[in-house]
Amino acid sequence: MAEAEVAAFRRSVLRFAAAGTGLRDLPWRRTRDAWRVLVSETMLQQTQVSRVLGPYRAFLERFGDPAACAAASPGEVVRAWTGLGYNRRALNLHRAAVACTERHGGRVPGELEALRSLPGVGPYTARAVLAFAFEADVGVVDTNVARVLARALAGRPLRPAEAQDLADRLVPRGRSWLHNQAMLDLGARYCTARSPACDGCPVRRRCRWAAADGVPPDPATGSAGTSRPQSRFDGSDRQGRGRLVAALRKGPVAAAGLAATTGWPDDHGRARRVADGLVAEGLARWSGERTLVLP
Ligand code: SF4
């Protein structure tokens, strides 16, 4: 893509960010503390902003820095994850806090490789911490941004390296924080997965897909970083796992009660398999042979 085209799009994004109707006011946008940014980005993986707001505040009141989180048991951190789902993230955040205290003097590191080595921190989260805490000049590609890149800039599905390269090229030097937050909001507020609001979109004039009248196929479909349809939740193992962790937050669960707790009263084998899965991941442990508890 020509540099002039990239530069014009970059200017449109910054104009949108600077406008009074620009960015959403979110608590994690009022801080540059790397731990707070890491907590918010971990919670926002696969969970909507509206569901994160309450747990984010409560979690940080309890675990205000990596040392406080590392000093708690994994079970306490899983307990503080109430309402967010995907409880493995809580466990990874606890492990990341331990790594920060053991290897980085109690601080979240500010280098890509060191961030990537933290449990649960993938390419997106590492770059989000770099951009939003350290204001480093890197492009952040979540599912929202990935749609904008594919539809507006490329006009076709992108491979992972292409999406990251394009995102990096777009970043205005020294204004990475503002630019990346604006890209996230463009995707979340206008360039949505199912019904993009092209008429009111601030970058419409620079959008390749809109210029082609949004003719199918959607360039975002199958493009790197865009979300895939999730498998059905009702009746899934994930639902049973969630029920079991919710019960464990309140107290121990006897082996004999696993089937009822997971919601499969007639399928003890499935319930036991799910419980053993939680134990293997470190999300639960057996106390004695017949009682499951948080770690
Ligand atoms: S004009 Fe439409 S397709 Fe293009 S970036 Fe905006 S919302 Fe997305």
# chains A, B, ... in the order shown; residues from 1 in each chain; ligands from 1
>>> residues_near_ligand(ligand="ligand 1", cutoff="10 Å", atoms="only C-alpha atoms and all ligand atoms", output="JSON list (two decimals) with N, CA and C atoms, in the first residue's frame")
[["chain", "number", "residue", "atom", "x", "y", "z"],
["A", 144, "ASN", "N", -11.24, -5.90, 16.63],
["A", 144, "ASN", "CA", -11.84, -4.67, 16.10],
["A", 144, "ASN", "C", -10.92, -4.01, 15.08],
["A", 145, "VAL", "N", -9.65, -3.88, 15.46],
["A", 145, "VAL", "CA", -8.68, -3.24, 14.56],
["A", 145, "VAL", "C", -8.48, -4.10, 13.32],
["A", 147, "ARG", "N", -10.57, -5.85, 11.69],
["A", 147, "ARG", "CA", -11.62, -5.61, 10.70],
["A", 147, "ARG", "C", -11.36, -4.32, 9.94],
["A", 148, "VAL", "N", -10.96, -3.27, 10.67],
["A", 148, "VAL", "CA", -10.72, -1.97, 10.01],
["A", 148, "VAL", "C", -9.57, -2.11, 9.01],
["A", 149, "LEU", "N", -8.51, -2.80, 9.42],
["A", 149, "LEU", "CA", -7.35, -2.95, 8.52],
["A", 149, "LEU", "C", -7.76, -3.67, 7.23],
["A", 150, "ALA", "N", -8.51, -4.75, 7.38],
["A", 150, "ALA", "CA", -8.88, -5.55, 6.21],
["A", 150, "ALA", "C", -9.86, -4.79, 5.31],
["A", 151, "ARG", "N", -10.87, -4.19, 5.94],
["A", 151, "ARG", "CA", -11.92, -3.55, 5.12],
["A", 151, "ARG", "C", -11.45, -2.21, 4.54],
["A", 152, "ALA", "N", -10.94, -1.35, 5.43],
["A", 152, "ALA", "CA", -10.69, 0.02, 5.01],
["A", 152, "ALA", "C", -9.38, 0.16, 4.25],
["A", 153, "LEU", "N", -8.33, -0.48, 4.74],
["A", 153, "LEU", "CA", -7.01, -0.24, 4.14],
["A", 153, "LEU", "C", -6.64, -1.24, 3.06],
["A", 155, "GLY", "N", -8.75, -3.82, 1.80],
["A", 155, "GLY", "CA", -9.84, -4.20, 0.91],
["A", 155, "GLY", "C", -9.83, -5.68, 0.58],
["A", 183, "MET", "N", -8.17, 3.51, 16.89],
["A", 183, "MET", "CA", -8.42, 2.36, 16.02],
["A", 183, "MET", "C", -9.34, 1.35, 16.70],
["A", 186, "LEU", "N", -12.83, 2.80, 16.55],
["A", 186, "LEU", "CA", -13.41, 2.74, 15.19],
["A", 186, "LEU", "C", -14.01, 1.37, 14.93],
["A", 187, "GLY", "N", -13.26, 0.34, 15.30],
["A", 187, "GLY", "CA", -13.74, -1.02, 15.08],
["A", 187, "GLY", "C", -14.92, -1.36, 15.96],
["A", 188, "ALA", "N", -14.87, -0.94, 17.24],
["A", 188, "ALA", "CA", -15.92, -1.31, 18.18],
["A", 188, "ALA", "C", -17.21, -0.52, 17.94],
["A", 189, "ARG", "N", -17.08, 0.74, 17.53],
["A", 189, "ARG", "CA", -18.28, 1.59, 17.41],
["A", 189, "ARG", "C", -18.84, 1.67, 16.00],
["A", 190, "TYR", "N", -18.00, 1.58, 15.01],
["A", 190, "TYR", "CA", -18.47, 1.75, 13.62],
["A", 190, "TYR", "C", -18.30, 0.47, 12.80],
["A", 191, "CYS", "N", -17.07, -0.04, 12.78],
["A", 191, "CYS", "CA", -16.77, -1.15, 11.86],
["A", 191, "CYS", "C", -17.05, -2.48, 12.54],
["A", 192, "THR", "N", -18.29, -2.67, 12.94],
["A", 192, "THR", "CA", -18.65, -3.87, 13.69],
["A", 192, "THR", "C", -18.69, -5.10, 12.78],
["A", 193, "ALA", "N", -18.67, -6.26, 13.38],
["A", 193, "ALA", "CA", -18.57, -7.49, 12.59],
["A", 193, "ALA", "C", -19.78, -7.67, 11.68],
["A", 195, "SER", "N", -22.79, -5.49, 11.23],
["A", 195, "SER", "CA", -23.43, -4.39, 10.48],
["A", 195, "SER", "C", -22.62, -3.10, 10.63],
["A", 196, "PRO", "N", -21.56, -2.98, 9.84],
["A", 196, "PRO", "CA", -20.73, -1.77, 9.92],
["A", 196, "PRO", "C", -21.55, -0.52, 9.60],
["A", 197, "ALA", "N", -21.34, 0.53, 10.43],
["A", 197, "ALA", "CA", -22.10, 1.78, 10.28],
["A", 197, "ALA", "C", -21.31, 2.73, 9.38],
["A", 198, "CYS", "N", -21.24, 2.38, 8.11],
["A", 198, "CYS", "CA", -20.38, 3.13, 7.18],
["A", 198, "CYS", "C", -20.85, 4.57, 7.02],
["A", 199, "ASP", "N", -22.16, 4.82, 7.08],
["A", 199, "ASP", "CA", -22.66, 6.18, 6.82],
["A", 199, "ASP", "C", -22.07, 7.19, 7.79],
["A", 200, "GLY", "N", -21.93, 6.82, 9.06],
["A", 200, "GLY", "CA", -21.41, 7.77, 10.03],
["A", 200, "GLY", "C", -19.93, 7.58, 10.33],
["A", 201, "CYS", "N", -19.28, 6.67, 9.62],
["A", 201, "CYS", "CA", -17.90, 6.30, 9.96],
["A", 201, "CYS", "C", -16.91, 7.43, 9.63],
["A", 202, "PRO", "N", -16.08, 7.80, 10.60],
["A", 202, "PRO", "CA", -15.14, 8.91, 10.41],
["A", 202, "PRO", "C", -14.07, 8.65, 9.34],
["A", 203, "VAL", "N", -13.84, 7.38, 8.96],
["A", 203, "VAL", "CA", -12.80, 7.12, 7.95],
["A", 203, "VAL", "C", -13.42, 6.65, 6.63],
["A", 204, "ARG", "N", -14.70, 6.89, 6.48],
["A", 204, "ARG", "CA", -15.38, 6.38, 5.29],
["A", 204, "ARG", "C", -14.71, 6.85, 3.99],
["A", 205, "ARG", "N", -14.29, 8.10, 3.96],
["A", 205, "ARG", "CA", -13.69, 8.63, 2.73],
["A", 205, "ARG", "C", -12.41, 7.89, 2.35],
["A", 206, "ARG", "N", -11.80, 7.25, 3.34],
["A", 206, "ARG", "CA", -10.53, 6.55, 3.10],
["A", 206, "ARG", "C", -10.71, 5.04, 3.04],
["A", 207, "CYS", "N", -11.94, 4.58, 3.00],
["A", 207, "CYS", "CA", -12.21, 3.14, 3.12],
["A", 207, "CYS", "C", -12.40, 2.48, 1.77],
["A", 208, "ARG", "N", -11.57, 1.51, 1.49],
["A", 208, "ARG", "CA", -11.65, 0.80, 0.20],
["A", 208, "ARG", "C", -12.95, 0.02, 0.05],
["A", 209, "TRP", "N", -13.35, -0.65, 1.12],
["A", 209, "TRP", "CA", -14.55, -1.49, 0.99],
["A", 209, "TRP", "C", -15.80, -0.62, 0.83],
["A", 210, "ALA", "N", -15.85, 0.51, 1.58],
["A", 210, "ALA", "CA", -17.00, 1.40, 1.43],
["A", 210, "ALA", "C", -17.02, 1.99, 0.02],
["A", 211, "ALA", "N", -15.83, 2.28, -0.54],
["A", 211, "ALA", "CA", -15.76, 2.83, -1.90],
["A", 211, "ALA", "C", -16.31, 1.81, -2.91],
["A", 212, "ALA", "N", -16.24, 0.55, -2.54],
["A", 212, "ALA", "CA", -16.78, -0.50, -3.42],
["A", 212, "ALA", "C", -18.22, -0.85, -3.02],
["A", 213, "ASP", "N", -18.85, 0.08, -2.25],
["A", 213, "ASP", "CA", -20.25, -0.09, -1.81],
["A", 213, "ASP", "C", -20.46, -1.34, -0.97],
["A", 214, "GLY", "N", -19.42, -1.79, -0.28],
["A", 214, "GLY", "CA", -19.58, -2.93, 0.62],
["A", 214, "GLY", "C", -20.01, -4.20, -0.07],
["A", 218, "ASP", "N", -17.04, -9.84, 2.37],
["A", 218, "ASP", "CA", -16.49, -8.94, 3.39],
["A", 218, "ASP", "C", -14.99, -9.22, 3.55],
["A", 219, "PRO", "N", -14.13, -8.23, 3.31],
["A", 219, "PRO", "CA", -12.69, -8.47, 3.44],
["A", 219, "PRO", "C", -12.27, -8.93, 4.83],
["A", 220, "ALA", "N", -13.09, -8.64, 5.85],
["A", 220, "ALA", "CA", -12.72, -9.04, 7.22],
["A", 220, "ALA", "C", -12.90, -10.53, 7.45]]
>>> residues_around(residues="Arg29 (chain A)", least_positions_apart="5", cutoff="10 Å", atoms="only C-alpha atoms", output="list in words")
Leu23, Arg24, Arg36, Val37, Ser40, Phe132, Ala133, Trp177, Leu178 and Gln181 of chain A
>>> write_last_selection(atoms="C-alpha atoms", output="PDB file, in the first residue's frame")
ATOM      1  CA  LEU A  23     -12.837   8.149  22.312  1.00  0.00           C
ATOM      2  CA  ARG A  24     -14.899   6.360  24.925  1.00  0.00           C
ATOM      3  CA  ARG A  36      -3.442  -1.812  35.405  1.00  0.00           C
ATOM      4  CA  VAL A  37      -3.172  -1.928  31.637  1.00  0.00           C
ATOM      5  CA  SER A  40      -7.602  -4.525  31.730  1.00  0.00           C
ATOM      6  CA  PHE A 132      -1.053   1.903  26.322  1.00  0.00           C
ATOM      7  CA  ALA A 133       1.360   1.873  29.273  1.00  0.00           C
ATOM      8  CA  TRP A 177      -1.442   5.717  22.547  1.00  0.00           C
ATOM      9  CA  LEU A 178      -4.027   7.997  20.949  1.00  0.00           C
ATOM     10  CA  GLN A 181      -7.158   3.730  21.151  1.00  0.00           C
TER      11      GLN A 181
END
>>> residues_around(residues="Asp237 (chain A)", least_positions_apart="5", cutoff="12 Å", atoms="only C-alpha atoms", output="count of residues only")
17
>>> closest_residue(among="A:Gly85, A:Pro119, A:Gly106, A:Gly75", to="Pro55 (chain A)", atoms="only C-alpha atoms")
A:Gly85
>>> closest_atom_pairs(of="region 102-221 of chain A", to="region 59-71 of chain A", cutoff="10 Å", atoms="only C-alpha atoms", output="Markdown table")
| residue | atom | partner | partner_atom | distance |
| --- | --- | --- | --- | --- |
| A:Glu102 | CA | A:Ala70 | CA | 9.4 |
| A:Gly105 | CA | A:Ala67 | CA | 9.3 |
| A:Gly106 | CA | A:Ala67 | CA | 6.0 |
| A:Arg107 | CA | A:Pro66 | CA | 6.8 |
| A:Val108 | CA | A:Pro66 | CA | 7.6 |
>>> write_last_selection(atoms="C-alpha atoms", output="PDB file, in the first residue's frame")
ATOM      1  CA  GLU A 102      10.551 -12.956  40.549  1.00  0.00           C
ATOM      2  CA  GLY A 105      11.617  -6.478  40.317  1.00  0.00           C
ATOM      3  CA  GLY A 106       7.867  -6.381  40.847  1.00  0.00           C
ATOM      4  CA  ARG A 107       7.176  -4.397  37.673  1.00  0.00           C
ATOM      5  CA  VAL A 108       5.526  -5.322  34.393  1.00  0.00           C
TER       6      VAL A 108
END
>>> closest_residue(among="A:Ala247, A:Ala182, A:Ala167, A:Val279", to="Gly225 (chain A)", atoms="only C-alpha atoms")
A:Ala167
>>> residues_around(residues="Ala136 (chain A)", least_positions_apart="4", cutoff="9 Å", atoms="only C-alpha atoms", output="compact mmCIF listing (two decimals) with C-alpha atoms, in the first residue's frame")
# COMPACT_ATOMS: atom_id res chain seq x y z
CA GLY A 110 8.39 -2.76 28.98
CA ARG A 127 1.71 -4.78 22.16
CA VAL A 129 0.78 -2.98 27.14
CA LEU A 130 3.63 -1.43 25.15
CA ALA A 131 1.32 1.08 23.46
CA PHE A 132 -1.05 1.90 26.32
CA ARG A 173 5.50 8.43 15.76
CA GLY A 174 5.08 9.58 19.35
CA ARG A 175 1.26 9.37 19.24
CA SER A 176 0.84 5.65 19.50
CA TRP A 177 -1.44 5.72 22.55
>>> closest_residue(among="A:Val215, A:Ser223, A:Leu93, A:Trp81", to="Val141 (chain A)", atoms="only C-alpha atoms")
A:Ser223
>>> closest_residue(among="A:Asn87, A:Ser73, A:Asn92, A:Gln48", to="Val245 (chain A)", atoms="only C-alpha atoms")
A:Asn87
>>> select_by_dssp(residues="region 118-166 of chain A", states="alpha helix (DSSP H)", output="compact mmCIF listing (two decimals) with N, CA and C atoms, in the first residue's frame")
# COMPACT_ATOMS: atom_id res chain seq x y z
N PRO A 123 0.71 -11.99 21.46
CA PRO A 123 1.18 -10.84 20.69
C PRO A 123 0.31 -9.60 20.86
N TYR A 124 -1.02 -9.81 20.91
CA TYR A 124 -1.89 -8.65 21.07
C TYR A 124 -1.67 -7.98 22.43
N THR A 125 -1.76 -8.75 23.49
CA THR A 125 -1.67 -8.17 24.84
C THR A 125 -0.32 -7.50 25.05
N ALA A 126 0.75 -8.14 24.56
CA ALA A 126 2.09 -7.55 24.73
C ALA A 126 2.15 -6.18 24.07
N ARG A 127 1.65 -6.08 22.86
CA ARG A 127 1.71 -4.78 22.16
C ARG A 127 0.75 -3.77 22.78
N ALA A 128 -0.37 -4.25 23.29
CA ALA A 128 -1.30 -3.33 23.96
C ALA A 128 -0.64 -2.72 25.19
N VAL A 129 0.09 -3.53 25.97
CA VAL A 129 0.78 -2.98 27.14
C VAL A 129 1.86 -1.99 26.70
N LEU A 130 2.59 -2.34 25.65
CA LEU A 130 3.63 -1.43 25.15
C LEU A 130 3.03 -0.09 24.72
N ALA A 131 1.92 -0.15 23.99
CA ALA A 131 1.32 1.08 23.46
C ALA A 131 0.60 1.88 24.54
N PHE A 132 -0.16 1.19 25.41
CA PHE A 132 -1.05 1.90 26.32
C PHE A 132 -0.42 2.23 27.67
N ALA A 133 0.67 1.53 28.03
CA ALA A 133 1.36 1.87 29.27
C ALA A 133 2.65 2.62 28.98
N THR A 143 -9.45 -7.84 17.49
CA THR A 143 -10.43 -8.20 16.46
C THR A 143 -11.05 -6.96 15.82
N ASN A 144 -11.24 -5.90 16.63
CA ASN A 144 -11.84 -4.67 16.10
C ASN A 144 -10.92 -4.01 15.08
N VAL A 145 -9.65 -3.88 15.46
CA VAL A 145 -8.68 -3.24 14.56
C VAL A 145 -8.48 -4.10 13.32
N ALA A 146 -8.46 -5.41 13.49
CA ALA A 146 -8.25 -6.31 12.35
C ALA A 146 -9.31 -6.10 11.28
N ARG A 147 -10.57 -5.85 11.69
CA ARG A 147 -11.62 -5.61 10.70
C ARG A 147 -11.36 -4.32 9.94
N VAL A 148 -10.96 -3.27 10.67
CA VAL A 148 -10.72 -1.97 10.01
C VAL A 148 -9.57 -2.11 9.01
N PRO A 160 -1.45 -12.82 8.95
CA PRO A 160 -1.07 -12.22 10.24
C PRO A 160 0.08 -11.21 10.13
N ALA A 161 1.14 -11.56 9.41
CA ALA A 161 2.30 -10.65 9.31
C ALA A 161 1.91 -9.37 8.57
N GLU A 162 1.02 -9.50 7.57
CA GLU A 162 0.59 -8.31 6.82
C GLU A 162 -0.22 -7.37 7.71
N ALA A 163 -1.11 -7.94 8.52
CA ALA A 163 -1.95 -7.12 9.40
C ALA A 163 -1.07 -6.38 10.41
N GLN A 164 -0.10 -7.08 11.02
CA GLN A 164 0.76 -6.43 12.00
C GLN A 164 1.62 -5.36 11.34
N ASP A 165 2.14 -5.67 10.16
CA ASP A 165 2.99 -4.70 9.45
C ASP A 165 2.19 -3.44 9.11
N LEU A 166 0.98 -3.63 8.63
CA LEU A 166 0.14 -2.47 8.28
C LEU A 166 -0.19 -1.66 9.53
>>> closest_residue(among="A:Ala224, A:Leu84, A:Val77, A:Val13", to="Arg156 (chain A)", atoms="only C-alpha atoms")
A:Ala224
>>> closest_residue(among="A:Glu289, A:Glu3, A:Glu76, A:Asp142", to="Ala90 (chain A)", atoms="only C-alpha atoms")
A:Glu76
>>> atom_distance(atom1="CA of Pro252 (chain A)", atom2="CA of Ala97 (chain A)")
25.7 Å
